[in-house]
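To keep things clear, I will list the structure first and then write my remarks on it.
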Protein chains: 2
Amino acid sequence: MDNNSGIKPYVVGIDIGGQTTKMGIVDARGNVLAKNTVRTDTYDRVEPYLEDVKTGLTELIKEAGAEGLVRGIGVGAPNANYYTGEIANAVNISWSAKNGVTPFARLLSEKMDGMPVTITNDANAAAMGEMAYGAAKGMKDFIMITLGTGIGSGIVINGQMVYGHDGFAGELGHTCAVRGGRACNCGRNGCLETYCSAIGVARTAREWLETYPDEPTVLRGKIDITSKDVYEAAIGGDAFAKKIFDFTGRILGENIADFVAFSAPEAIVLFGGLARSGDLLRIPLEEAMNKNLLSIWKGKIKIVFSQLKESDAAILGASALAW
Amino acid sequence: MDNNSGIKPYVVGIDIGGQTTKMGIVDARGNVLAKNTVRTDTYDRVEPYLEDVKTGLTELIKEAGAEGLVRGIGVGAPNANYYTGEIANAVNISWSAKNGVTPFARLLSEKMDGMPVTITNDANAAAMGEMAYGAAKGMKDFIMITLGTGIGSGIVINGQMVYGHDGFAGELGHTCAVRGGRACNCGRNGCLETYCSAIGVARTAREWLETYPDEPTVLRGKIDITSKDVYEAAIGGDAFAKKIFDFTGRILGENIADFVAFSAPEAIVLFGGLARSGDLLRIPLEEAMNKNLLSIWKGKIKIVFSQLKESDAAILGASALAW
């Protein structure tokens, strides 16, 4: 332990994604003073990866003039466990996928001469970032839902991140939205993320194009439809594409109503690619949520979008862990 | 505040039900030293009711030799709010139903010469009781589900009761078990309690008797079927009644799997009339839960039944609030 930690004004945030690892030096107000990127996907073992992270961090700290002023490192990564400091079989991380459990927090701390390292999964890190610097500042009870390729979630109750008895709490993307519904990567059916993630929106488009062969839409004939295609069509006035957002928002709203019954949050904070759809998603979502809420909550639960700058959000989220 | 509170070895637990109010003096080990009952349903205003509660409590304290030794009073009641100390429009409590919001904790404390009073809803009180003295002793993360006439729930995360931003968290009986399903008293459809409460089991029996007019069962022709009738038929070997428990357990298990994805509890604690069905309910419940859990949790979440003596459980639960 370092007796000077009370006066160290900076933290490091590291966001480990499948392709790249982003890192940045952050101050207490959430300013990213310097940032940097190293590759994640060129390593099949963690040791050489950690060497590159160390090199990147050392440069970064020098660049920000933060030598001796960094309080700790926060890391957001898939399958990261806050309690154990481990990353376990993260399928999208090349050095983790086939190597079982990596004691990542300990290894990185050793590499960085004993600097404290705290890790959690990426959705929890995003929630920490919103609470420290973003849309959930000052809130003690909220649920963060990240609408990306999949759906992640971070739950905050009474000002504390919910980790559960084993560190794996907050898998709302894998609650059952439609009993017996679409097949999910997790091996089960009907998971929320098979409908309301970016991939879910694209799946709906492909299914509906087959189911309704006579409905006119600019999406017809497009190859490899993405949620961005559907978004652009809807913004351009395509009724078929707009109905896809109505459907997506309705399923998300119905399920959020059940999440509210669990923890009675002040707000739901949405983040990620699909959250940028704004009112296209928000209007049907709020309508379905309020229709499905108990009367004590109708009209009272806020739906807010992340306020963090997209390019910094992942670094900020991870850094918030280190305070 | 009382500076001697550290050495007061007893608390009072009060459980307010629609018909009767049970009260007891409890020690730190969960022994109920003396107990007492007053009517709840003979008052249309709270003031004379409180007078009777005071008389009852005063006798009780004298009987237990606990004068000056009571640290505080915990109250479990329908629609009670921990944060505000209020009971709001509790439909089954005659002095509350039509009187809007009653500042119950303050009124009772004044009546009892300033003794501290803490209130919460009955399901939360039950969870506190299990954590202090029962099946959840030593657990920091569990979900209590009370399977009575309706379904209540109390959620404990990291050793703390979950109240949410407004004090109303933990309405798992009103999460949607079947989209567009049975009409619920709350005005919506498909709520878990319309299927998996005592009333839900009786509803299933009545529905199935109509839907399957040729299925033989001892339940056919019975008037005003209750869940107890279904239980006795199932125990007696009636295949139709047993299928009702399989159906009830399956729906409960599927939905518990989603609750686990939220807070990753160590255990689910079941309490109430229907929980006494034992393996009739537990076996289909565990099977459906494990089938619907993410692989990280399969086979790892305990289903346990309350260990508190039925007649004392409500008093113990309420009393646990007062420590």
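Residue numbers start at 1 in each chain; chains themselves are named A, B, ... in the order of the structure tokens; ligands are numbered from 1 in the order shown.
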
Within 7 Å of chain A: residues of chain B, using only C-alpha atoms, as a ChimeraX atom specification: /B:141,157,162,164-166,168-172,175-176,258,261-266

How would the residues just picked look written out with all heavy atoms as a CSV table (one decimal), in the first residue's frame?
chain,number,residue,atom,x,y,z
B,141,ASP,N,-26.2,-12.9,-0.3
B,141,ASP,CA,-27.0,-12.7,-1.6
B,141,ASP,C,-28.0,-13.8,-1.7
B,141,ASP,O,-27.7,-14.9,-2.0
B,141,ASP,CB,-26.0,-12.7,-2.8
B,141,ASP,CG,-25.1,-11.5,-2.8
B,141,ASP,OD1,-25.4,-10.5,-3.3
B,141,ASP,OD2,-24.0,-11.7,-2.2
B,157,ILE,N,-28.9,-8.2,-1.4
B,157,ILE,CA,-27.7,-8.2,-2.2
B,157,ILE,C,-26.6,-7.6,-1.3
B,157,ILE,O,-26.7,-6.6,-0.7
B,157,ILE,CB,-27.9,-7.3,-3.4
B,157,ILE,CG1,-28.9,-7.9,-4.4
B,157,ILE,CG2,-26.6,-6.9,-4.1
B,157,ILE,CD1,-29.2,-7.1,-5.6
B,162,VAL,N,-32.8,-4.9,-0.5
B,162,VAL,CA,-32.9,-4.0,-1.7
B,162,VAL,C,-34.3,-3.2,-1.6
B,162,VAL,O,-35.3,-3.9,-1.6
B,162,VAL,CB,-32.9,-4.8,-3.0
B,162,VAL,CG1,-33.2,-3.9,-4.2
B,162,VAL,CG2,-31.5,-5.4,-3.2
B,164,GLY,N,-34.6,-0.1,-3.4
B,164,GLY,CA,-34.8,0.7,-4.6
B,164,GLY,C,-34.9,2.2,-4.3
B,164,GLY,O,-34.9,2.6,-3.1
B,165,HIS,N,-35.0,3.0,-5.4
B,165,HIS,CA,-34.9,4.4,-5.1
B,165,HIS,C,-36.1,5.0,-4.4
B,165,HIS,O,-36.1,6.1,-3.8
B,165,HIS,CB,-34.8,5.2,-6.5
B,165,HIS,CG,-36.0,5.5,-7.2
B,165,HIS,ND1,-36.8,4.5,-7.8
B,165,HIS,CD2,-36.7,6.7,-7.4
B,165,HIS,CE1,-37.9,5.1,-8.3
B,165,HIS,NE2,-37.8,6.4,-8.1
B,166,ASP,N,-37.3,4.2,-4.4
B,166,ASP,CA,-38.5,4.7,-3.8
B,166,ASP,C,-39.0,3.8,-2.6
B,166,ASP,O,-40.1,4.1,-2.1
B,166,ASP,CB,-39.6,4.8,-4.9
B,166,ASP,CG,-39.8,3.5,-5.6
B,166,ASP,OD1,-39.2,2.5,-5.2
B,166,ASP,OD2,-40.6,3.5,-6.6
B,168,PHE,N,-39.9,0.6,-3.0
B,168,PHE,CA,-40.9,-0.4,-3.5
B,168,PHE,C,-40.2,-1.5,-4.3
B,168,PHE,O,-40.9,-2.2,-5.0
B,168,PHE,CB,-42.0,0.3,-4.3
B,168,PHE,CG,-42.8,1.2,-3.5
B,168,PHE,CD1,-42.9,2.6,-3.8
B,168,PHE,CD2,-43.6,0.7,-2.5
B,168,PHE,CE1,-43.7,3.4,-3.0
B,168,PHE,CE2,-44.4,1.6,-1.7
B,168,PHE,CZ,-44.5,2.9,-2.0
B,169,ALA,N,-38.9,-1.7,-4.2
B,169,ALA,CA,-38.3,-2.8,-5.0
B,169,ALA,C,-38.8,-4.1,-4.5
B,169,ALA,O,-39.4,-4.3,-3.4
B,169,ALA,CB,-36.8,-2.7,-4.8
B,170,GLY,N,-38.5,-5.1,-5.4
B,170,GLY,CA,-38.9,-6.5,-5.0
B,170,GLY,C,-40.3,-6.9,-5.2
B,170,GLY,O,-40.9,-7.5,-4.4
B,171,GLU,N,-40.9,-6.5,-6.4
B,171,GLU,CA,-42.2,-6.9,-6.7
B,171,GLU,C,-42.2,-8.1,-7.7
B,171,GLU,O,-42.8,-8.0,-8.8
B,171,GLU,CB,-43.0,-5.7,-7.2
B,171,GLU,CG,-43.4,-4.7,-6.2
B,171,GLU,CD,-44.6,-5.2,-5.3
B,171,GLU,OE1,-45.1,-6.3,-5.5
B,171,GLU,OE2,-44.9,-4.5,-4.3
B,172,LEU,N,-41.5,-9.1,-7.4
B,172,LEU,CA,-41.3,-10.2,-8.3
B,172,LEU,C,-42.6,-10.9,-8.6
B,172,LEU,O,-42.7,-11.6,-9.7
B,172,LEU,CB,-40.2,-11.2,-7.8
B,172,LEU,CG,-38.8,-10.5,-7.6
B,172,LEU,CD1,-37.8,-11.6,-7.2
B,172,LEU,CD2,-38.4,-9.8,-8.9
B,175,THR,N,-43.8,-9.6,-11.9
B,175,THR,CA,-43.1,-9.7,-13.2
B,175,THR,C,-43.9,-10.5,-14.1
B,175,THR,O,-44.7,-11.3,-13.7
B,175,THR,CB,-41.7,-10.3,-13.0
B,175,THR,OG1,-41.8,-11.5,-12.4
B,175,THR,CG2,-40.8,-9.4,-12.2
B,176,CYS,N,-43.7,-10.3,-15.4
B,176,CYS,CA,-44.6,-11.0,-16.4
B,176,CYS,C,-44.1,-12.4,-16.7
B,176,CYS,O,-43.0,-12.6,-17.3
B,176,CYS,CB,-44.6,-10.2,-17.7
B,176,CYS,SG,-45.8,-10.9,-18.8
B,258,ASP,N,-34.5,-16.1,-14.6
B,258,ASP,CA,-34.3,-14.7,-15.0
B,258,ASP,C,-33.9,-13.8,-13.7
B,258,ASP,O,-33.1,-12.9,-13.8
B,258,ASP,CB,-35.5,-14.1,-15.6
B,258,ASP,CG,-35.7,-14.6,-17.0
B,258,ASP,OD1,-34.7,-15.1,-17.6
B,258,ASP,OD2,-36.8,-14.4,-17.6
B,261,ALA,N,-30.3,-14.2,-13.2
B,261,ALA,CA,-29.5,-13.4,-14.2
B,261,ALA,C,-29.3,-12.0,-13.7
B,261,ALA,O,-28.4,-11.3,-14.1
B,261,ALA,CB,-30.1,-13.5,-15.5
B,262,PHE,N,-30.2,-11.5,-12.9
B,262,PHE,CA,-30.2,-10.1,-12.4
B,262,PHE,C,-29.2,-10.0,-11.2
B,262,PHE,O,-28.2,-9.3,-11.3
B,262,PHE,CB,-31.6,-9.8,-11.8
B,262,PHE,CG,-31.8,-8.3,-11.7
B,262,PHE,CD1,-32.5,-7.6,-12.6
B,262,PHE,CD2,-31.2,-7.6,-10.6
B,262,PHE,CE1,-32.7,-6.2,-12.5
B,262,PHE,CE2,-31.4,-6.2,-10.5
B,262,PHE,CZ,-32.2,-5.5,-11.4
B,263,SER,N,-29.3,-10.8,-10.2
B,263,SER,CA,-28.5,-10.6,-9.0
B,263,SER,C,-27.6,-11.7,-8.6
B,263,SER,O,-26.9,-11.6,-7.5
B,263,SER,CB,-29.4,-10.2,-7.8
B,263,SER,OG,-30.2,-11.3,-7.4
B,264,ALA,N,-27.6,-12.8,-9.3
B,264,ALA,CA,-26.6,-13.9,-9.0
B,264,ALA,C,-26.7,-14.3,-7.6
B,264,ALA,O,-25.6,-14.2,-6.9
B,264,ALA,CB,-25.2,-13.6,-9.5
B,265,PRO,N,-27.8,-14.6,-7.0
B,265,PRO,CA,-27.9,-15.0,-5.6
B,265,PRO,C,-27.3,-16.4,-5.3
B,265,PRO,O,-27.2,-17.2,-6.2
B,265,PRO,CB,-29.4,-15.0,-5.4
B,265,PRO,CG,-30.0,-15.5,-6.7
B,265,PRO,CD,-29.1,-14.8,-7.7
B,266,GLU,N,-26.9,-16.6,-4.1
B,266,GLU,CA,-26.5,-17.9,-3.7
B,266,GLU,C,-27.6,-18.9,-3.6
B,266,GLU,O,-27.5,-20.1,-3.9
B,266,GLU,CB,-25.8,-17.7,-2.3
B,266,GLU,CG,-25.2,-19.0,-1.7
B,266,GLU,CD,-24.6,-18.8,-0.4
B,266,GLU,OE1,-24.3,-17.6,0.0
B,266,GLU,OE2,-24.3,-19.7,0.4

Quick one: DSSP strand (DSSP E) residues in stretch 19-252 of chain A, as a ChimeraX atom specification? /A:20-27,32-39,70-76,87-88,101-102,117-120,142-147,151-157,160-161

Write the residues of the selection above to a file with N, CA and C atoms, as a short mmCIF file (atom, residue, chain, number, x, y, z; two decimals), in the first residue's frame.
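Output below, filename result.cif:
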data_model
loop_
_atom_site.label_atom_id
_atom_site.label_comp_id
_atom_site.auth_asym_id
_atom_site.auth_seq_id
_atom_site.Cartn_x
_atom_site.Cartn_y
_atom_site.Cartn_z
N THR A 20 -8.88 -4.33 -30.15
CA THR A 20 -7.92 -3.39 -29.59
C THR A 20 -8.14 -3.21 -28.10
N THR A 21 -7.10 -2.74 -27.45
CA THR A 21 -7.16 -2.39 -26.04
C THR A 21 -6.92 -0.88 -25.95
N LYS A 22 -7.91 -0.17 -25.40
CA LYS A 22 -7.78 1.28 -25.26
C LYS A 22 -7.37 1.61 -23.84
N MET A 23 -6.45 2.55 -23.69
CA MET A 23 -6.07 2.96 -22.34
C MET A 23 -5.97 4.48 -22.26
N GLY A 24 -6.23 5.02 -21.09
CA GLY A 24 -6.17 6.46 -20.95
C GLY A 24 -5.89 6.87 -19.51
N ILE A 25 -5.34 8.09 -19.35
CA ILE A 25 -5.14 8.68 -18.02
C ILE A 25 -6.30 9.63 -17.78
N VAL A 26 -6.95 9.50 -16.62
CA VAL A 26 -8.18 10.24 -16.35
C VAL A 26 -8.05 11.00 -15.04
N ASP A 27 -8.57 12.23 -15.00
CA ASP A 27 -8.58 12.96 -13.74
C ASP A 27 -9.95 12.82 -13.05
N VAL A 32 -10.11 12.88 -20.05
CA VAL A 32 -9.10 11.93 -20.50
C VAL A 32 -7.89 12.74 -20.96
N LEU A 33 -6.81 12.72 -20.16
CA LEU A 33 -5.66 13.59 -20.42
C LEU A 33 -4.79 13.08 -21.56
N ALA A 34 -4.73 11.77 -21.70
CA ALA A 34 -3.93 11.18 -22.77
C ALA A 34 -4.47 9.79 -23.01
N LYS A 35 -4.44 9.35 -24.27
CA LYS A 35 -4.90 7.98 -24.52
C LYS A 35 -4.07 7.29 -25.59
N ASN A 36 -4.27 6.00 -25.69
CA ASN A 36 -3.34 5.15 -26.39
C ASN A 36 -4.06 3.85 -26.73
N THR A 37 -3.54 3.11 -27.72
CA THR A 37 -4.18 1.86 -28.09
C THR A 37 -3.12 0.80 -28.36
N VAL A 38 -3.36 -0.43 -27.90
CA VAL A 38 -2.51 -1.54 -28.35
C VAL A 38 -3.43 -2.63 -28.91
N ARG A 39 -2.86 -3.54 -29.71
CA ARG A 39 -3.67 -4.61 -30.28
C ARG A 39 -3.98 -5.65 -29.20
N VAL A 70 -0.30 8.31 -10.32
CA VAL A 70 -1.43 7.44 -10.69
C VAL A 70 -1.83 6.57 -9.50
N ARG A 71 -3.10 6.69 -9.13
CA ARG A 71 -3.60 6.01 -7.95
C ARG A 71 -3.82 4.52 -8.18
N GLY A 72 -4.26 4.18 -9.38
CA GLY A 72 -4.54 2.77 -9.65
C GLY A 72 -5.05 2.60 -11.07
N ILE A 73 -5.28 1.36 -11.42
CA ILE A 73 -5.72 1.01 -12.77
C ILE A 73 -7.06 0.29 -12.69
N GLY A 74 -8.01 0.74 -13.49
CA GLY A 74 -9.28 0.03 -13.61
C GLY A 74 -9.35 -0.61 -14.98
N VAL A 75 -9.83 -1.85 -15.04
CA VAL A 75 -9.88 -2.57 -16.31
C VAL A 75 -11.30 -3.08 -16.56
N GLY A 76 -11.83 -2.80 -17.73
CA GLY A 76 -13.09 -3.39 -18.16
C GLY A 76 -12.80 -4.41 -19.24
N ILE A 87 -9.98 -13.23 -15.59
CA ILE A 87 -10.73 -13.26 -16.85
C ILE A 87 -10.79 -14.72 -17.27
N ALA A 88 -12.04 -15.21 -17.48
CA ALA A 88 -12.20 -16.65 -17.70
C ALA A 88 -12.76 -16.93 -19.08
N VAL A 101 -8.59 -19.82 -17.17
CA VAL A 101 -8.69 -18.67 -16.28
C VAL A 101 -7.35 -17.92 -16.20
N THR A 102 -7.38 -16.61 -16.49
CA THR A 102 -6.17 -15.78 -16.38
C THR A 102 -6.31 -14.86 -15.16
N VAL A 117 -4.71 -2.87 -9.20
CA VAL A 117 -5.51 -3.11 -10.41
C VAL A 117 -6.85 -3.70 -10.01
N THR A 118 -7.93 -3.10 -10.49
CA THR A 118 -9.27 -3.61 -10.24
C THR A 118 -9.91 -3.91 -11.59
N ILE A 119 -10.57 -5.06 -11.72
CA ILE A 119 -11.19 -5.37 -13.01
C ILE A 119 -12.67 -5.69 -12.83
N THR A 120 -13.43 -5.48 -13.88
CA THR A 120 -14.83 -5.92 -13.90
C THR A 120 -15.23 -6.09 -15.35
N PHE A 142 -29.78 2.72 -10.42
CA PHE A 142 -30.07 2.73 -11.85
C PHE A 142 -29.60 1.44 -12.49
N ILE A 143 -30.08 1.20 -13.70
CA ILE A 143 -29.65 0.03 -14.47
C ILE A 143 -29.09 0.53 -15.79
N MET A 144 -27.87 0.13 -16.07
CA MET A 144 -27.22 0.48 -17.34
C MET A 144 -27.41 -0.69 -18.29
N ILE A 145 -27.88 -0.39 -19.49
CA ILE A 145 -28.02 -1.46 -20.49
C ILE A 145 -27.24 -1.05 -21.72
N THR A 146 -26.27 -1.88 -22.11
CA THR A 146 -25.46 -1.57 -23.27
C THR A 146 -26.00 -2.35 -24.47
N LEU A 147 -26.44 -1.59 -25.47
CA LEU A 147 -27.05 -2.19 -26.65
C LEU A 147 -26.02 -2.21 -27.78
N ILE A 151 -26.12 -7.65 -25.69
CA ILE A 151 -26.64 -6.75 -24.66
C ILE A 151 -25.94 -7.04 -23.35
N GLY A 152 -25.30 -6.02 -22.78
CA GLY A 152 -24.70 -6.16 -21.46
C GLY A 152 -25.48 -5.32 -20.48
N SER A 153 -25.23 -5.53 -19.19
CA SER A 153 -25.91 -4.69 -18.20
C SER A 153 -25.08 -4.55 -16.95
N GLY A 154 -25.21 -3.38 -16.33
CA GLY A 154 -24.57 -3.12 -15.05
C GLY A 154 -25.64 -2.53 -14.13
N ILE A 155 -25.79 -3.12 -12.95
CA ILE A 155 -26.88 -2.71 -12.06
C ILE A 155 -26.29 -2.04 -10.82
N VAL A 156 -26.80 -0.86 -10.51
CA VAL A 156 -26.35 -0.15 -9.31
C VAL A 156 -27.53 -0.02 -8.36
N ILE A 157 -27.33 -0.49 -7.13
CA ILE A 157 -28.37 -0.44 -6.10
C ILE A 157 -27.78 0.24 -4.88
N GLN A 160 -24.16 1.08 -4.95
CA GLN A 160 -23.15 0.02 -5.10
C GLN A 160 -23.42 -0.82 -6.34
N MET A 161 -22.34 -1.17 -7.02
CA MET A 161 -22.42 -2.08 -8.16
C MET A 161 -22.89 -3.44 -7.64
#

So which residues of stretch 112-285 of chain B fall under helix (DSSP H, G or I) by DSSP, listed as number ranges by chain? B: 122-133, 172-174, 193-196, 198-211, 227-235, 239-263, 273-277, 279-285

Selected residues, C-alpha atoms, written as a short mmCIF file (atom, residue, chain, number, x, y, z; two decimals), in the first residue's frame, please.
data_model
loop_
_atom_site.label_atom_id
_atom_site.label_comp_id
_atom_site.auth_asym_id
_atom_site.auth_seq_id
_atom_site.Cartn_x
_atom_site.Cartn_y
_atom_site.Cartn_z
CA ASP B 122 -44.15 -8.28 4.80
CA ALA B 123 -42.01 -10.05 2.19
CA ASN B 124 -38.96 -7.92 3.03
CA ALA B 125 -39.55 -8.66 6.72
CA ALA B 126 -39.66 -12.37 5.91
CA ALA B 127 -36.29 -12.06 4.13
CA MET B 128 -34.80 -10.23 7.12
CA GLY B 129 -36.05 -13.02 9.38
CA GLU B 130 -34.44 -15.74 7.25
CA MET B 131 -31.18 -13.80 7.18
CA ALA B 132 -31.13 -13.17 10.93
CA TYR B 133 -32.38 -16.51 12.20
CA LEU B 172 -41.28 -10.19 -8.33
CA GLY B 173 -44.86 -11.49 -8.03
CA HIS B 174 -45.71 -8.86 -10.63
CA GLU B 193 -48.58 -14.55 -8.97
CA THR B 194 -51.52 -15.41 -11.25
CA TYR B 195 -49.78 -18.76 -11.87
CA CYS B 196 -47.56 -19.65 -8.94
CA ALA B 198 -51.94 -20.54 -3.90
CA ILE B 199 -54.68 -18.78 -5.87
CA GLY B 200 -52.76 -19.40 -9.10
CA VAL B 201 -52.67 -23.16 -8.44
CA ALA B 202 -56.43 -23.18 -7.82
CA ARG B 203 -56.95 -21.20 -11.04
CA THR B 204 -54.89 -23.70 -13.01
CA ALA B 205 -57.03 -26.52 -11.60
CA ARG B 206 -60.28 -24.80 -12.58
CA GLU B 207 -58.99 -23.93 -16.06
CA TRP B 208 -57.69 -27.42 -16.74
CA LEU B 209 -60.89 -29.11 -15.55
CA GLU B 210 -62.72 -27.18 -18.26
CA THR B 211 -60.03 -27.59 -20.91
CA SER B 227 -54.41 -25.18 -3.64
CA LYS B 228 -54.70 -27.42 -0.58
CA ASP B 229 -57.19 -29.64 -2.44
CA VAL B 230 -54.76 -29.88 -5.34
CA TYR B 231 -51.90 -30.70 -2.96
CA GLU B 232 -53.85 -33.44 -1.21
CA ALA B 233 -54.95 -34.94 -4.52
CA ALA B 234 -51.34 -34.94 -5.79
CA ILE B 235 -50.01 -36.52 -2.60
CA ALA B 239 -51.90 -37.64 -11.94
CA PHE B 240 -53.93 -34.59 -12.98
CA ALA B 241 -53.15 -32.80 -9.70
CA LYS B 242 -49.50 -33.76 -9.98
CA LYS B 243 -49.36 -32.21 -13.46
CA ILE B 244 -50.67 -28.96 -11.97
CA PHE B 245 -47.68 -28.88 -9.62
CA ASP B 246 -45.34 -29.72 -12.53
CA PHE B 247 -46.79 -26.76 -14.47
CA THR B 248 -46.59 -24.42 -11.46
CA GLY B 249 -43.01 -25.45 -10.68
CA ARG B 250 -41.97 -25.07 -14.31
CA ILE B 251 -43.28 -21.51 -14.59
CA LEU B 252 -41.73 -20.57 -11.25
CA GLY B 253 -38.39 -22.16 -12.23
CA GLU B 254 -38.28 -20.42 -15.62
CA ASN B 255 -38.85 -17.07 -13.99
CA ILE B 256 -36.42 -17.67 -11.13
CA ALA B 257 -33.75 -18.30 -13.81
CA ASP B 258 -34.28 -14.69 -14.95
CA PHE B 259 -34.08 -13.41 -11.36
CA VAL B 260 -30.73 -15.20 -11.01
CA ALA B 261 -29.45 -13.41 -14.15
CA PHE B 262 -30.19 -10.14 -12.36
CA SER B 263 -28.52 -10.55 -8.98
CA GLY B 273 -48.35 -22.13 2.13
CA LEU B 274 -47.32 -23.40 -1.27
CA ALA B 275 -43.69 -23.89 -0.19
CA ARG B 276 -45.00 -26.63 2.10
CA SER B 277 -45.67 -28.72 -1.03
CA ASP B 279 -40.72 -31.93 -3.64
CA LEU B 280 -44.00 -31.72 -5.55
CA LEU B 281 -43.01 -28.13 -6.31
CA ARG B 282 -39.25 -28.26 -5.87
CA ILE B 283 -38.44 -30.99 -8.39
CA PRO B 284 -40.11 -29.38 -11.47
CA LEU B 285 -38.95 -25.96 -10.26
#

Might you pull out every residue within 10 Å of B:Glu47, with only C-alpha atoms counted and same-chain residues fewer than 3 positions away left off, and present them as a PDB file with N, CA, C and O atoms, in the first residue's frame?
ATOM      1  N   TYR B  43     -61.264  -2.107  12.799  1.00  0.00           N
ATOM      2  CA  TYR B  43     -61.056  -0.653  12.887  1.00  0.00           C
ATOM      3  C   TYR B  43     -61.165  -0.020  11.514  1.00  0.00           C
ATOM      4  O   TYR B  43     -60.655  -0.557  10.545  1.00  0.00           O
ATOM      5  N   ASP B  44     -61.824   1.130  11.429  1.00  0.00           N
ATOM      6  CA  ASP B  44     -61.760   1.842  10.159  1.00  0.00           C
ATOM      7  C   ASP B  44     -60.883   3.093  10.259  1.00  0.00           C
ATOM      8  O   ASP B  44     -60.707   3.809   9.271  1.00  0.00           O
ATOM      9  N   LEU B  50     -54.168   1.643  17.083  1.00  0.00           N
ATOM     10  CA  LEU B  50     -52.880   1.862  17.757  1.00  0.00           C
ATOM     11  C   LEU B  50     -53.020   1.771  19.278  1.00  0.00           C
ATOM     12  O   LEU B  50     -52.118   1.282  19.963  1.00  0.00           O
ATOM     13  N   GLU B  51     -54.149   2.230  19.803  1.00  0.00           N
ATOM     14  CA  GLU B  51     -54.403   2.114  21.240  1.00  0.00           C
ATOM     15  C   GLU B  51     -54.375   0.648  21.674  1.00  0.00           C
ATOM     16  O   GLU B  51     -53.756   0.294  22.670  1.00  0.00           O
ATOM     17  N   ASP B  52     -55.028  -0.206  20.865  1.00  0.00           N
ATOM     18  CA  ASP B  52     -55.059  -1.631  21.192  1.00  0.00           C
ATOM     19  C   ASP B  52     -53.692  -2.281  21.038  1.00  0.00           C
ATOM     20  O   ASP B  52     -53.323  -3.158  21.830  1.00  0.00           O
ATOM     21  N   VAL B  53     -52.935  -1.839  20.031  1.00  0.00           N
ATOM     22  CA  VAL B  53     -51.578  -2.364  19.860  1.00  0.00           C
ATOM     23  C   VAL B  53     -50.742  -1.993  21.080  1.00  0.00           C
ATOM     24  O   VAL B  53     -50.005  -2.814  21.625  1.00  0.00           O
ATOM     25  N   TRP B  95     -58.173  -0.267   8.287  1.00  0.00           N
ATOM     26  CA  TRP B  95     -57.946   1.130   8.669  1.00  0.00           C
ATOM     27  C   TRP B  95     -57.048   1.867   7.678  1.00  0.00           C
ATOM     28  O   TRP B  95     -56.829   3.068   7.796  1.00  0.00           O
ATOM     29  N   LEU B 107     -46.431   7.359  14.086  1.00  0.00           N
ATOM     30  CA  LEU B 107     -47.572   7.265  15.006  1.00  0.00           C
ATOM     31  C   LEU B 107     -47.334   6.214  16.093  1.00  0.00           C
ATOM     32  O   LEU B 107     -47.595   6.464  17.276  1.00  0.00           O
ATOM     33  N   LEU B 108     -46.803   5.051  15.694  1.00  0.00           N
ATOM     34  CA  LEU B 108     -46.580   3.995  16.685  1.00  0.00           C
ATOM     35  C   LEU B 108     -45.462   4.387  17.650  1.00  0.00           C
ATOM     36  O   LEU B 108     -45.553   4.143  18.858  1.00  0.00           O
ATOM     37  N   LYS B 111     -46.861   6.770  20.120  1.00  0.00           N
ATOM     38  CA  LYS B 111     -47.724   6.023  21.040  1.00  0.00           C
ATOM     39  C   LYS B 111     -46.892   5.259  22.074  1.00  0.00           C
ATOM     40  O   LYS B 111     -47.270   5.141  23.243  1.00  0.00           O
TER      41      LYS B 111
END

As an MDAnalysis selection string, please: the residues near A:Lys309 (cut-off 12 Å, only C-alpha atoms, same-chain neighbours under 4 positions excluded). chainID A and resid 30:32 126 129:130 133:135 271:272 305 313:317
